[in-house]
Amino acid sequence: MTASNPLFADRLIAWQEQYGRHDLPWQVSDPYRIWLSEVMLQQTQVGTVIPYFLNFIARFPDVAALASASPDDVLAAWSGLGYYSRARNLHRAAQMLVNSHGGHFPQAPEALIELPGVGRSTAAAIAVFAFGARAAILDGNVKRVLARWAGIEGWPGEKRVENTLWQLAESLLPSSGIAGYTQGLMDLGSQVCTRTRPCCGACPVKEDCVACIAGRQSQLPAPKPRKTIPERHVVLLLIRDARGRIFLERRPPAGIWGGLWSLPEAQDTLSAASLCACRYGVNVDFDPPLPDVRHTFTHFHLAITPLPGAVNGAVVVTDSGTGWFDLVDIETLGLPAPVRRLLK
DNA sequence: AACGCGGGGCG
DNA sequence: CGCCCAGCGTT
């Protein structure tokens with residue numbers, strides 16, 4: 001926050017009143033519906049949840065109805081939503097509520113979290129929407145909003161980062177208007193501060209958003225680190241002419257091997273001939289591919305399939321980005337190491 | 001084809 | 001605590 005901006009929470013509350021969602025079927029006072037919606041929304045988006053929610057409520061209108069239903073009926077109503085342990089936990093929790101809480105929901109997040117299927121964030125959401133508790137939620141949308149706004153580095157799945165986010169989420173809570181604030185945070189994350197292509201122009205907190213100011217929306221929050229680096233595959237074309245020269249192409253200035261001379265690259269062996277005809281205007285007869293060569297970069301493995309081929313007669317090259325080279329001249333060119341190795 | 005999603009269960 | 005899983009939708 002800067003001195004010239006109203007509080008983060010106040011801007012979010014005002015935004016939610018004007019642009020947020022107010023007509024969702026679980027925006028009611030019934031804790032049962034709020035709980036059900038929060039569990040359904042744990043791994044599933046709003047648009048998918050709505051019909052399941054309406055059907056579920058029609059079949060099991062209250063906690064008692066759910067508690068006394070058969071597991072099969074509950075699972076049937078859940079069928080298609082996925083993560084079926086949610087339905088089993090829901091059923092168990094309904095029975096706990098009937099047997100141990102007189103069929104009523106406890107109000108404190110610390111009590112709600114005891115229900116199976118209710119974690120810290122879901123407990124807070126229920127407590128906020130059903131009972132007006134002053135508690136912080138931290139779901140995927142909120143993590144993204146806060147990580148961007150405050151410029152929090154690191155992957156939010158990492159404990160250290162998550163602790164920081166929880167702390168921030170608590171510190172930003174308003175003293176009043178908690179439900180509108182919490183709904184606003186959710187709505188902002190799902191409608192404006194989206195994972196890809198966020199609509200920062202429509203954001204009520206863009207003025208002091210670290211990611212927006214620095215243009216780092218695509219870098220925050222940091223993605224989950226991959227343990228196995230991805231494997232990429234290219235076909236490199238070893239095209240010779242009648243004089244034994246090799247055909248090279250200068251690579252685009254940005255990206256892998258930027259600006260270096262290299263062998264033409266094809267997606268696969270089958271498209272190589274049409275690519276040569278289309279892009280270079282030469283007809284090439286390709287031989288069977290040579291065995292793959294593997295090369296490891298920092299961020300991915302590259303499997304190279306060398307594909308030898310021949311054109312007949314001399315070919316005049318007009319494009320300055322391509323050319324025919326004698327093998328002896330290639331020594332003096334700037335070539336990527338694996339390509340140089342391949343040519344030997 | 002890989003990723004993201006909240007919570008639970010495991011070692 | 002870190003690690004993995006669940007199932008569907010999105011990218």
# chains A, B, ... in the order shown; residues from 1 in each chain; ligands from 1
>>> residues_around(residues="region 1-10 of chain B", least_positions_apart="6", cutoff="12 Å", atoms="only C-alpha atoms (C1' of nucleotides)", output="VMD selection string")
(chain A and resid 38 to 45 82 to 83 85 to 86 89 113 115 to 123 137 to 141 143 to 144 156 to 157 195 223 to 226 229 to 231) or (chain C and resid 1 to 11)
>>> select_by_dssp(residues="region 132-218 of chain A", states="alpha helix (DSSP H)", output="PyMOL selection string")
chain A and resi 140-150+159-171+178-187+210-214
>>> closest_residue(among="A:Tyr84, A:Trp149, A:Trp35, A:Trp155", to="chain C", atoms="only C-alpha atoms (C1' of nucleotides)")
A:Tyr84
>>> select_by_dssp(residues="region 184-256 of chain A", states="strand (DSSP E or B)", output="list of chain:residue names")
A:Glu231, A:Arg232, A:His233, A:Val234, A:Val235, A:Leu236, A:Leu237, A:Leu238, A:Ile239, A:Arg240, A:Ile246, A:Phe247, A:Leu248, A:Glu249, A:Arg250
>>> write_last_selection(atoms="N, CA and C atoms", output="PDB file, in the first residue's frame")
ATOM      1  N   GLU A 231      11.445 -33.143 -22.091  1.00  0.00           N
ATOM      2  CA  GLU A 231      12.187 -33.682 -23.228  1.00  0.00           C
ATOM      3  C   GLU A 231      11.619 -33.062 -24.491  1.00  0.00           C
ATOM      4  N   ARG A 232      12.479 -32.478 -25.306  1.00  0.00           N
ATOM      5  CA  ARG A 232      12.019 -31.948 -26.584  1.00  0.00           C
ATOM      6  C   ARG A 232      12.700 -32.694 -27.701  1.00  0.00           C
ATOM      7  N   HIS A 233      12.050 -32.729 -28.812  1.00  0.00           N
ATOM      8  CA  HIS A 233      12.539 -33.518 -29.926  1.00  0.00           C
ATOM      9  C   HIS A 233      12.539 -32.678 -31.198  1.00  0.00           C
ATOM     10  N   VAL A 234      13.652 -32.691 -31.907  1.00  0.00           N
ATOM     11  CA  VAL A 234      13.694 -32.024 -33.205  1.00  0.00           C
ATOM     12  C   VAL A 234      14.351 -32.942 -34.221  1.00  0.00           C
ATOM     13  N   VAL A 235      14.032 -32.686 -35.466  1.00  0.00           N
ATOM     14  CA  VAL A 235      14.691 -33.357 -36.577  1.00  0.00           C
ATOM     15  C   VAL A 235      15.587 -32.319 -37.249  1.00  0.00           C
ATOM     16  N   LEU A 236      16.858 -32.584 -37.316  1.00  0.00           N
ATOM     17  CA  LEU A 236      17.781 -31.663 -37.984  1.00  0.00           C
ATOM     18  C   LEU A 236      18.159 -32.245 -39.339  1.00  0.00           C
ATOM     19  N   LEU A 237      18.074 -31.390 -40.360  1.00  0.00           N
ATOM     20  CA  LEU A 237      18.218 -31.845 -41.733  1.00  0.00           C
ATOM     21  C   LEU A 237      19.649 -31.675 -42.225  1.00  0.00           C
ATOM     22  N   LEU A 238      20.271 -32.790 -42.612  1.00  0.00           N
ATOM     23  CA  LEU A 238      21.636 -32.772 -43.166  1.00  0.00           C
ATOM     24  C   LEU A 238      21.509 -32.844 -44.687  1.00  0.00           C
ATOM     25  N   ILE A 239      21.310 -31.679 -45.285  1.00  0.00           N
ATOM     26  CA  ILE A 239      21.046 -31.642 -46.726  1.00  0.00           C
ATOM     27  C   ILE A 239      22.341 -31.341 -47.494  1.00  0.00           C
ATOM     28  N   ARG A 240      22.712 -32.246 -48.405  1.00  0.00           N
ATOM     29  CA  ARG A 240      23.916 -32.040 -49.218  1.00  0.00           C
ATOM     30  C   ARG A 240      23.499 -31.739 -50.647  1.00  0.00           C
ATOM     31  N   ILE A 246      26.950 -28.522 -47.536  1.00  0.00           N
ATOM     32  CA  ILE A 246      25.860 -28.715 -46.569  1.00  0.00           C
ATOM     33  C   ILE A 246      25.031 -27.436 -46.472  1.00  0.00           C
ATOM     34  N   PHE A 247      23.747 -27.606 -46.325  1.00  0.00           N
ATOM     35  CA  PHE A 247      22.821 -26.465 -46.262  1.00  0.00           C
ATOM     36  C   PHE A 247      22.618 -26.034 -44.820  1.00  0.00           C
ATOM     37  N   LEU A 248      22.879 -24.754 -44.546  1.00  0.00           N
ATOM     38  CA  LEU A 248      22.711 -24.214 -43.191  1.00  0.00           C
ATOM     39  C   LEU A 248      21.738 -23.040 -43.204  1.00  0.00           C
ATOM     40  N   GLU A 249      21.183 -22.804 -42.045  1.00  0.00           N
ATOM     41  CA  GLU A 249      20.240 -21.690 -41.887  1.00  0.00           C
ATOM     42  C   GLU A 249      20.576 -20.951 -40.603  1.00  0.00           C
ATOM     43  N   ARG A 250      20.508 -19.613 -40.688  1.00  0.00           N
ATOM     44  CA  ARG A 250      20.764 -18.844 -39.475  1.00  0.00           C
ATOM     45  C   ARG A 250      19.518 -18.865 -38.595  1.00  0.00           C
TER      46      ARG A 250
END
>>> atom_distance(atom1="CA of Val145 (chain A)", atom2="CA of Val49 (chain A)")
22.2 Å
>>> residues_around(residues="His101 (chain A)", least_positions_apart="6", cutoff="12 Å", atoms="only C-alpha atoms (C1' of nucleotides)", output="list in words")
Val63, Ala64, Ala93, Ala94, Gln95, Gln107, Ala111, Leu112, Glu114 and Leu115 of chain A
>>> atom_distance(atom1="CA of Leu307 (chain A)", atom2="CA of Leu343 (chain A)")
11.7 Å
